[in-house]
Number of protein chains: 4
Amino acid sequence: MSWNSFGRVLRVSTWGESHGPAIGALVDGCPPGLTLSEADIQPWLDRRRPGGSRFTSRRGEPDAVRILSGTYQGRTTGTPISLMIDNVDQRPSDYADTAYRPGHADFAYDAKYGLRDPRGGGRSSARETASRVAAGAVARLVIPEVTIRAYLVELGGDAIDRAGFNDAAIDANPFFCPDPAAAARWERLVDDARKAGSSLGAVVECVATGVPAGWGAPVYAKLDAELAAAMMSINAAKGVEIGDGFAAARLSGEDNADAMRAGAAFLSNHAGGVAGGIATGQPLIVRVAFKPTSSILTPLQTIDRDGAETEVSTPGRHDPCVAIRGAPVVEAMMALVLADQKLLHRAQCG
Amino acid sequence: MSWNSFGRVLRVSTWGESHGPAIGALVDGCPPGLTLSEADIQPWLDRRRPGGSRFTSRRGEPDAVRILSGTYQGRTTGTPISLMIDNVDQRPSDYADTAYRPGHADFAYDAKYGLRDPRGGGRSSARETASRVAAGAVARLVIPEVTIRAYLVELGGDAIDRAGFNDAAIDANPFFCPDPAAAARWERLVDDARKAGSSLGAVVECVATGVPAGWGAPVYAKLDAELAAAMMSINAAKGVEIGDGFAAARLSGEDNADAMRAGAAFLSNHAGGVAGGIATGQPLIVRVAFKPTSSILTPLQTIDRDGAETEVSTPGRHDPCVAIRGAPVVEAMMALVLADQKLLHRAQCG
Amino acid sequence: MSWNSFGRVLRVSTWGESHGPAIGALVDGCPPGLTLSEADIQPWLDRRRPGGSRFTSRRGEPDAVRILSGTYQGRTTGTPISLMIDNVDQRPSDYADTAYRPGHADFAYDAKYGLRDPRGGGRSSARETASRVAAGAVARLVIPEVTIRAYLVELGGDAIDRAGFNDAAIDANPFFCPDPAAAARWERLVDDARKAGSSLGAVVECVATGVPAGWGAPVYAKLDAELAAAMMSINAAKGVEIGDGFAAARLSGEDNADAMRAGAAFLSNHAGGVAGGIATGQPLIVRVAFKPTSSILTPLQTIDRDGAETEVSTPGRHDPCVAIRGAPVVEAMMALVLADQKLLHRAQCG
Amino acid sequence: MSWNSFGRVLRVSTWGESHGPAIGALVDGCPPGLTLSEADIQPWLDRRRPGGSRFTSRRGEPDAVRILSGTYQGRTTGTPISLMIDNVDQRPSDYADTAYRPGHADFAYDAKYGLRDPRGGGRSSARETASRVAAGAVARLVIPEVTIRAYLVELGGDAIDRAGFNDAAIDANPFFCPDPAAAARWERLVDDARKAGSSLGAVVECVATGVPAGWGAPVYAKLDAELAAAMMSINAAKGVEIGDGFAAARLSGEDNADAMRAGAAFLSNHAGGVAGGIATGQPLIVRVAFKPTSSILTPLQTIDRDGAETEVSTPGRHDPCVAIRGAPVVEAMMALVLADQKLLHRAQCG
């Protein structure tokens with residue numbers, strides 16, 4: 001069952017609430033003998049960390065990770081790796097209100113459990129994604145043959161110009177945007193939204209190169225099905241597509257076909273690197289749609305726990321566009337899926 | 001692991017190849033005491049069955065299901081329900097060629113397993129989805145409170161007019177199309193594609209009403225993550241979105257918020273019935289993008305098993321738009337996810 | 001969940017009732033490329049088949065297995081292998097009575113499910129173990145490096161003389177007994193029990209040689225824990241021990257220690273081939289205690305479904321000592337566990 | 001997969017090494033709304049804690065547990081409960097030697113992983129069982145209808161007198177022994193073993209009363225199979241039996257039958273409370289054989305990592321009879337199995 005676990009052989013379980021004492025990830029099934037210390041994880045956490053720019057939450061979390069188990073003398077032992085991140089800038093008092101915040105999980109959690117942790121969404125907070133990034137850093141060590149890159153291709157409805165795609169630009173702006181011109185426009189978009197007490201959505205694209213043909217599996221464990229679940233499990237995700245995705249539904253059979261030539265060379269990659277649930281060896285391409293941040297200053301109509309009608313506005317320290325920090329999380333989920341698939345593939349096929 | 005299984009408490013495993021002697025589904029974890037006979041399953045299979053119109057494959061499969069275990073005197077006993085469907089119109093000789101069909105899983109299977117069953121794609125054929133529909137019929141019995149409806153909202157890039165949405169129309173045309181005017185246009189589109197040796201893609205939407213607030217779970221077992229995996233596991237699916245999906249990425253926070261009023265009444269449903277991975281009680285809305293059928297008459301460049309360049313055209317009896325028969329499959333997957341979630345919810349929350 | 005499934009990578013699901021139309025096993029996760037036909041499975045089924053001697057049930061089941069999927073041209077393809085065995089000698093009329101048979105699962109099934117299939121115990125019948133033997137035959141192909149041998153070491157409280165252990169004798173008597181003198185004594189024991197309308201229990205020992213050091217895993221997936229579950233899941237099993245088992249509880253630390261010498265040579269094998277849940281490379285030794293068959297002619301006090309007191313005697317065609325046919329089942333479970341562990345080990349450790 | 005996880009709905013994952021900074025348990029799937037604080041867990045840990053008498057290890061661990069997540073205002077929220085116990089009395093220097101300790105997992109871990117954490121056995125140490133006891137304390141809250149009691153029935157081959165069974169005596173001696181006369185004898189036995197640099201084994205019996213008929217499930221998820229796996233996964237366990245266990249193999253069918261009378265009253269309980277894998281409503285009875293502690297002062301022949309022959313004696317602070325502290329661990333595993341089965345039962349059967 002394991003509502004809070006992900007993966008099959010490389011299995012990650014995360015725990016912790018946004019304003020509790022700590023959060024963490026438990027990584028089971030990691031191959032032994034990999035070089036691993038906090039220094040292998042921290043840089044990835046730093047990319048996701050709030051407070052990096054005025055375009056993200058001002059919550060001051062160092063997100064310093066500690067490895068509590070599973071390594072000896074700097075190498076993984078094959079036993080569970082317990083990763084822990086202390087919460088140091090909790091402000092539970094920001095969340096005294098019991099009104100359900102529209103777009104949030106407040107109402108749904110209450111409906112399910114008959115109670116909830118109201119401190120910043122508790123378990124439903126995007127703070128949980130720090131645990132994913134920490135675990136994803138471990139997963140990357142399992143798949144050195146693979147390179148993973150996520151970036152925003154659209155923000156607030158404003159798409160990048162694919163002709164201006166520049167890999168080097170991605171880390172040179174606060175939006176993980178590969179198109180410097182778009183990044184410049186997005187600055188204003190996000191500033192305007194923030195000042196208006198509003199928020200914006202975005203689309204993150206993630207490409208994994210170096211995935212060998214054969215990883216993945218058919219039917220219910222399809223590589224694309226695993227990726228879809230992985231990505232849709234990220235806070236605020238509302239859509240996932242592989243390769244041409246929804247656009248493929250508008251192509252003819254011959255235009256969508258990825259013809260092949262000698263050397264297992266494909267002449268196109270409409271499929272996004274997967275066929276029948278199994279990697280083709282081409283770049284694996286996924287896009288994830290993120291809705292705008294639900295926590296906004298603009299007052300919204302809602303009800304409280306007693307069903308009484310009220311208004312709610314959320315004054316906390318929230319990201320005006322949660323998708324920005326979603327990019328490192330998408331990368332982490334891609335790494336987790338692929339590391340798991342690598343181990344699964346060698347289980348069955350040697 | 002269970003590459004060919006789906007679900008947690010209500011768990012379905014399917015087996016069988018397109019041109020083998022039979023296919024089947026094994027349904028474990030079904031509650032006891034439900035009235036079940038072949039007559040509860042057959043109508044759903046008949047909706048998916050090929051040969052219903054000139055717009056689907058002409059393969060003549062009666063798809064007659066037999067229940068081999070798990071019932072006694074017409075009621076489920078709580079033990080595994082074995083469902084079997086004989087293949088009666090196999091034509092393995094249609095598949096003598098070893099060339100990899102572009103867009104198909106041929107190359108990927110060979111890369112993974114070092115061999116494959118070439119008879120109509122073997123396990124990767126959409127024929128497998130008959131097993132899903134049979135299992136889905138059992139799942140429906142577990143959730144009598146829920147009504148599930150799938151239909152095509154776009155075919156070959158031609159979208160329905162939402163203003164003309166007519167629930168009664170869905171079963172009155174060969175396209176599961178709720179807009180009669182669109183259905184009329186699609187006849188020509190599909191006829192043209194078929195005659196041209198081409199194929200078309202489409203988008204299927206599925207709505208489940210009656211899902212109680214509280215079904216689903218947080219984090220990695222989110223209801224939307226389970227749905228994403230379920231839908232992406234269907235043959236030819238390339239994209240999944242929940243509620244407003246990719247369009248939500250273009251909305252502002254306040255436009256995307258589903259405000260609430262007394263009586264847990266929502267003023268909109270941008271979320272598509274799920275928040276934080278848990279059902280809100282609103283209609284659950286999923287859309288699935290299907291690529292055009294890969295098996296087409298138009299010759300395509302490819303290679304054979306030895307890596308030699310060649311051309312391949314697929315003369316078999318294929319659907320010009322596989323998404324049409326995808327609608328009953330999407331419904332089945334929705335039923336399987338929801339039945340499983342119902343049982344999971346009562347496991348944890350009583 | 002999968003109440004009727006076993007294994008992690010190599011995963012077997014069984015289905016079918018004792019007096020239904022058929023029983024079967026679905027084997028998922030099998031490596032591709034293994035040579036497999038019905039001829040690889042049938043001999044193992046024949047060893048377990050009833051009717052082989054007057055010491056087993058006289059139910060006339062040929063137990064002819066059919067492979068319905070998962071192979072192509074005589075080799076496994078990596079997709080699910082569906083195995084089916086028709087029931088041809090059902091006699092549901094033997095089971096008209098609704099009284100709960102003491103020692104049987106009748107009462108417990110009714111308490112759980114609110115109904116049950118009374119025909120010979122339905123799903124709780126030892127007939128289910130034919131499916132295990134069929135699946136175990138597939139598992140054997142995955143582990144050609146391992147030799148598995150099960151035999152009875154005690155029957156009706158009469159133990160073999162270890163000094164007279166003769167591997168060649170095991171298949172030369174109807175009791176899988178390695179000690180010909182004991183086998184001769186057991187003939188009379190079983191005959192007497194059968195004539196008296198009684199039944200007997202026995203202890204089966206199983207040894208697997210060739211298991212490489214390193215298979216297995218720590219903590220909750222210990223090789224011995226997996227074996228314990230596997231063996232205890234067999235009908236009528238009431239105890240499982242590894243190596244010296246309960247006798248180890250009476251040894252001193254130094255007497256129980258398996259000292260080592262150069263070449264990873266152990267000077268003894270009290271541990272039964274496993275330490276910390278991981279194989280040591282020594283022979284893996286398991287013993288399983290089987291209670292006497294519950295279905296006996298001797299009338300027993302019981303109640304019926306309405307709670308009324310009554311007597312029941314079971315006139316069907318039952319084994320006077322179900323443990324005899326348990327030996328091939330124990331072998332099958334050993335093969336299933338080890339094949340799964342081999343695949344799991346290479347998943348994590350390459 | 002989850003080598004370090006246990007359970008299906010109520011799922012526990014443990015982590016940590018004997019001489020690392022901390023150990024812990026992550027409990028997922030716990031029902032919401034249960035009253036839970038550290039005070040509900042600590043007493044159970046204290047029962048298992050070393051240093052309670054001269055008959056257990058002198059390692060000074062307070063075993064103070066902290067709840068890091070999953071509760072709000074003293075109640076469970078339905079999200080993962082992270083439990084952490086700091087190691088405060090590590091002495092890694094006790095374990096400088098690389099020689100494989102006979103009976104330990106040292107050699108097997110090295111064979112599997114190619115390396116190991118030598119500090120006190122690392123992950124293979126019985127210190128891990130503190131995590132089980134902490135998780136078991138949570139599980140007990142899920143099953144208030146059940147009473148669980150474990151005690152030693154045999155130590156060093158010296159069995160209790162069942163006629164002298166006194167429930168009140170169990171916690172009145174350092175051996176969890178229900179027979180005061182036996183407890184007095186065991187004092188000398190253990191003292192002698194300790195002084196001789198030796199160790200002893202024992203048999204723990206555990207009885208759960210109040211388990212409703214119907215918990216459990218058939219075939220591979222049998223209640224007794226789950227219990228067998230749970231118990232065999234405990235360090236030093238070598239055998240498990242249910243009800244009469246191995247003795248049942250020596251009974252006749254009529255002597256082993258548990259006859260029934262009106263009111264679902266059983267006249268005996270040879271079955272130990274389970275039939276066909278499902279609870280009968282009678283007391284659930286399990287016995288677990290523990291081998292003598294492997295870490296002893298007496299020098300033993302062994303090899304080191306390089307294969308060179310040597311001797312090893314283990315001077316650490318070890319239990320002369322690890323089974324004594326096994327009793328609380330057996331109780332914890334019983335609680336974990338039953339809590340999980342309760343949730344599973346209501347998943348399928350409502």
# chains A, B, ... in the order shown; residues from 1 in each chain; ligands from 1
$ select_by_dssp --residues "segment 209-288 of chain C" --states "strand (DSSP E or B)" --output "list of chain:residue names"
C:Thr209, C:Gly216, C:Ala237, C:Lys238, C:Gly239, C:Val240, C:Glu241, C:Ile242, C:Ser252, C:Met260, C:Arg261, C:Ala265, C:Phe266, C:Val274, C:Ala275, C:Ile278, C:Ala279, C:Leu284, C:Ile285, C:Val286, C:Arg287, C:Val288
$ closest_atom_pairs --of "segment 14-88 of chain C" --to "segment 208-226 of chain D" --cutoff "12 Å" --atoms "only C-alpha atoms" --output "JSON lines"
{"residue": "C:Thr14", "atom": "CA", "partner": "D:Val219", "partner_atom": "CA", "distance": 8.8}
{"residue": "C:Trp15", "atom": "CA", "partner": "D:Val219", "partner_atom": "CA", "distance": 9.8}
{"residue": "C:Gly16", "atom": "CA", "partner": "D:Val219", "partner_atom": "CA", "distance": 11.4}
{"residue": "C:Glu17", "atom": "CA", "partner": "D:Val219", "partner_atom": "CA", "distance": 11.8}
$ write_last_selection --atoms "C-alpha atoms" --output "PDB file, in the first residue's frame"
ATOM      1  CA  THR C  14      -3.223 -18.754  -8.446  1.00  0.00           C
ATOM      2  CA  TRP C  15      -6.955 -19.164  -8.904  1.00  0.00           C
ATOM      3  CA  GLY C  16      -9.635 -21.795  -8.924  1.00  0.00           C
ATOM      4  CA  GLU C  17     -11.757 -23.939  -6.662  1.00  0.00           C
TER       5      GLU C  17
END
$ interface_residues --of "chain D" --to "chain B" --cutoff "10 Å" --atoms "only C-alpha atoms" --output "list in words"
Met1, Arg8, Val9, Leu10, Gly29, Cys30, Pro31, Pro32, Gly33, Gly78, Thr79, Ala217, Pro218, Val219, Asp340, Gln341, Lys342, Leu343, Leu344, His345, Arg346, Ala347, Gln348, Cys349 and Gly350 of chain D
$ select_by_dssp --residues "segment 136-331 of chain C" --states "alpha helix (DSSP H)" --output "PyMOL selection string"
chain C and resi 136-142+180-195+223-232+253-256+322-331
$ residues_around --residues "Thr77 of chain C" --least-positions-apart "4" --cutoff "10 Å" --atoms "only C-alpha atoms" --output "number ranges by chain"
B: 109-110, 113-117, 122-123; C: 29-35, 69-73, 81
$ write_last_selection --atoms "N, CA and C atoms" --output "JSON list (two decimals), in the first residue's frame"
[["chain", "number", "residue", "atom", "x", "y", "z"],
["B", 109, "TYR", "N", 10.49, -3.97, -27.44],
["B", 109, "TYR", "CA", 10.39, -5.31, -26.87],
["B", 109, "TYR", "C", 11.65, -6.11, -27.17],
["B", 110, "ASP", "N", 12.09, -6.01, -28.41],
["B", 110, "ASP", "CA", 13.29, -6.76, -28.80],
["B", 110, "ASP", "C", 14.50, -6.27, -28.02],
["B", 113, "TYR", "N", 13.82, -7.68, -24.27],
["B", 113, "TYR", "CA", 13.76, -9.11, -23.98],
["B", 113, "TYR", "C", 14.70, -9.96, -24.84],
["B", 114, "GLY", "N", 15.23, -9.36, -25.92],
["B", 114, "GLY", "CA", 16.08, -10.15, -26.81],
["B", 114, "GLY", "C", 15.28, -11.04, -27.73],
["B", 115, "LEU", "N", 13.97, -10.93, -27.64],
["B", 115, "LEU", "CA", 13.06, -11.66, -28.53],
["B", 115, "LEU", "C", 11.68, -11.09, -28.33],
["B", 116, "ARG", "N", 10.75, -11.45, -29.21],
["B", 116, "ARG", "CA", 9.39, -10.97, -29.04],
["B", 116, "ARG", "C", 8.43, -11.88, -29.78],
["B", 117, "ASP", "N", 7.19, -11.77, -29.43],
["B", 117, "ASP", "CA", 6.12, -12.48, -30.13],
["B", 117, "ASP", "C", 5.62, -11.55, -31.23],
["B", 122, "GLY", "N", 1.75, -9.26, -30.16],
["B", 122, "GLY", "CA", 1.76, -10.14, -28.98],
["B", 122, "GLY", "C", 1.13, -9.45, -27.79],
["B", 123, "ARG", "N", 1.90, -9.28, -26.78],
["B", 123, "ARG", "CA", 1.40, -8.71, -25.55],
["B", 123, "ARG", "C", 1.17, -7.20, -25.66],
["C", 29, "GLY", "N", 6.82, -11.91, -14.54],
["C", 29, "GLY", "CA", 8.19, -11.52, -14.21],
["C", 29, "GLY", "C", 9.23, -12.55, -14.59],
["C", 30, "CYS", "N", 8.81, -13.60, -15.28],
["C", 30, "CYS", "CA", 9.78, -14.64, -15.66],
["C", 30, "CYS", "C", 10.78, -14.07, -16.66],
["C", 31, "PRO", "N", 12.05, -14.33, -16.49],
["C", 31, "PRO", "CA", 13.03, -13.88, -17.48],
["C", 31, "PRO", "C", 12.70, -14.41, -18.87],
["C", 32, "PRO", "N", 13.05, -13.65, -19.88],
["C", 32, "PRO", "CA", 12.78, -14.09, -21.26],
["C", 32, "PRO", "C", 13.83, -15.09, -21.73],
["C", 33, "GLY", "N", 13.45, -15.85, -22.75],
["C", 33, "GLY", "CA", 14.43, -16.70, -23.43],
["C", 33, "GLY", "C", 14.61, -18.08, -22.85],
["C", 34, "LEU", "N", 13.86, -18.42, -21.80],
["C", 34, "LEU", "CA", 13.96, -19.76, -21.24],
["C", 34, "LEU", "C", 13.15, -20.74, -22.08],
["C", 35, "THR", "N", 13.70, -21.90, -22.31],
["C", 35, "THR", "CA", 12.96, -22.95, -23.02],
["C", 35, "THR", "C", 11.85, -23.47, -22.12],
["C", 69, "SER", "N", -0.23, -18.55, -22.51],
["C", 69, "SER", "CA", 0.40, -17.27, -22.90],
["C", 69, "SER", "C", 1.84, -17.24, -22.41],
["C", 70, "GLY", "N", 2.60, -16.27, -22.89],
["C", 70, "GLY", "CA", 3.92, -16.01, -22.34],
["C", 70, "GLY", "C", 5.07, -16.76, -22.99],
["C", 71, "THR", "N", 4.76, -17.59, -23.98],
["C", 71, "THR", "CA", 5.83, -18.25, -24.71],
["C", 71, "THR", "C", 5.62, -18.03, -26.21],
["C", 72, "TYR", "N", 6.70, -18.11, -26.95],
["C", 72, "TYR", "CA", 6.63, -18.05, -28.40],
["C", 72, "TYR", "C", 7.71, -18.97, -28.94],
["C", 73, "GLN", "N", 7.29, -19.87, -29.78],
["C", 73, "GLN", "CA", 8.21, -20.86, -30.35],
["C", 73, "GLN", "C", 9.02, -21.55, -29.25],
["C", 81, "ILE", "N", 2.93, -15.79, -17.99],
["C", 81, "ILE", "CA", 2.71, -17.17, -18.40],
["C", 81, "ILE", "C", 1.46, -17.67, -17.70]]
$ residues_around --residues "Ala262 of chain A" --least-positions-apart "2" --cutoff "7 Å" --atoms "only C-alpha atoms" --output "compact mmCIF listing (two decimals) with all heavy atoms, in the first residue's frame"
# COMPACT_ATOMS: atom_id res chain seq x y z
N MET A 260 12.77 4.64 -38.75
CA MET A 260 14.09 4.19 -38.29
C MET A 260 15.02 3.97 -39.47
O MET A 260 14.61 3.55 -40.55
CB MET A 260 13.97 2.86 -37.52
CG MET A 260 13.18 2.95 -36.25
SD MET A 260 13.27 1.38 -35.30
CE MET A 260 14.92 1.50 -34.59
N ALA A 264 19.86 1.69 -35.46
CA ALA A 264 18.77 1.99 -34.54
C ALA A 264 18.58 3.50 -34.40
O ALA A 264 18.29 4.03 -33.34
CB ALA A 264 18.97 1.33 -33.18
N ALA A 265 18.80 4.20 -35.53
CA ALA A 265 18.64 5.66 -35.55
C ALA A 265 17.20 6.01 -35.89
O ALA A 265 16.65 5.52 -36.87
CB ALA A 265 19.58 6.27 -36.59
N ILE B 303 13.84 -0.53 -39.99
CA ILE B 303 14.89 -1.54 -40.09
C ILE B 303 14.32 -2.89 -39.66
O ILE B 303 13.27 -2.95 -39.01
CB ILE B 303 16.13 -1.20 -39.21
CG1 ILE B 303 15.72 -1.02 -37.74
CG2 ILE B 303 16.80 0.07 -39.72
CD1 ILE B 303 16.90 -0.84 -36.78
N GLY B 307 19.01 -5.17 -38.51
CA GLY B 307 19.48 -3.80 -38.62
C GLY B 307 19.48 -3.28 -40.05
O GLY B 307 19.84 -2.12 -40.28
N ALA B 308 19.03 -4.13 -41.00
CA ALA B 308 19.01 -3.69 -42.40
C ALA B 308 17.85 -2.75 -42.64
O ALA B 308 16.74 -2.96 -42.14
CB ALA B 308 18.90 -4.91 -43.32
N GLU B 309 18.09 -1.72 -43.43
CA GLU B 309 17.03 -0.74 -43.72
C GLU B 309 16.00 -1.35 -44.66
O GLU B 309 16.33 -2.09 -45.58
CB GLU B 309 17.64 0.52 -44.32
CG GLU B 309 18.63 1.18 -43.35
CD GLU B 309 19.03 2.59 -43.77
OE1 GLU B 309 18.79 2.95 -44.94
OE2 GLU B 309 19.54 3.33 -42.90
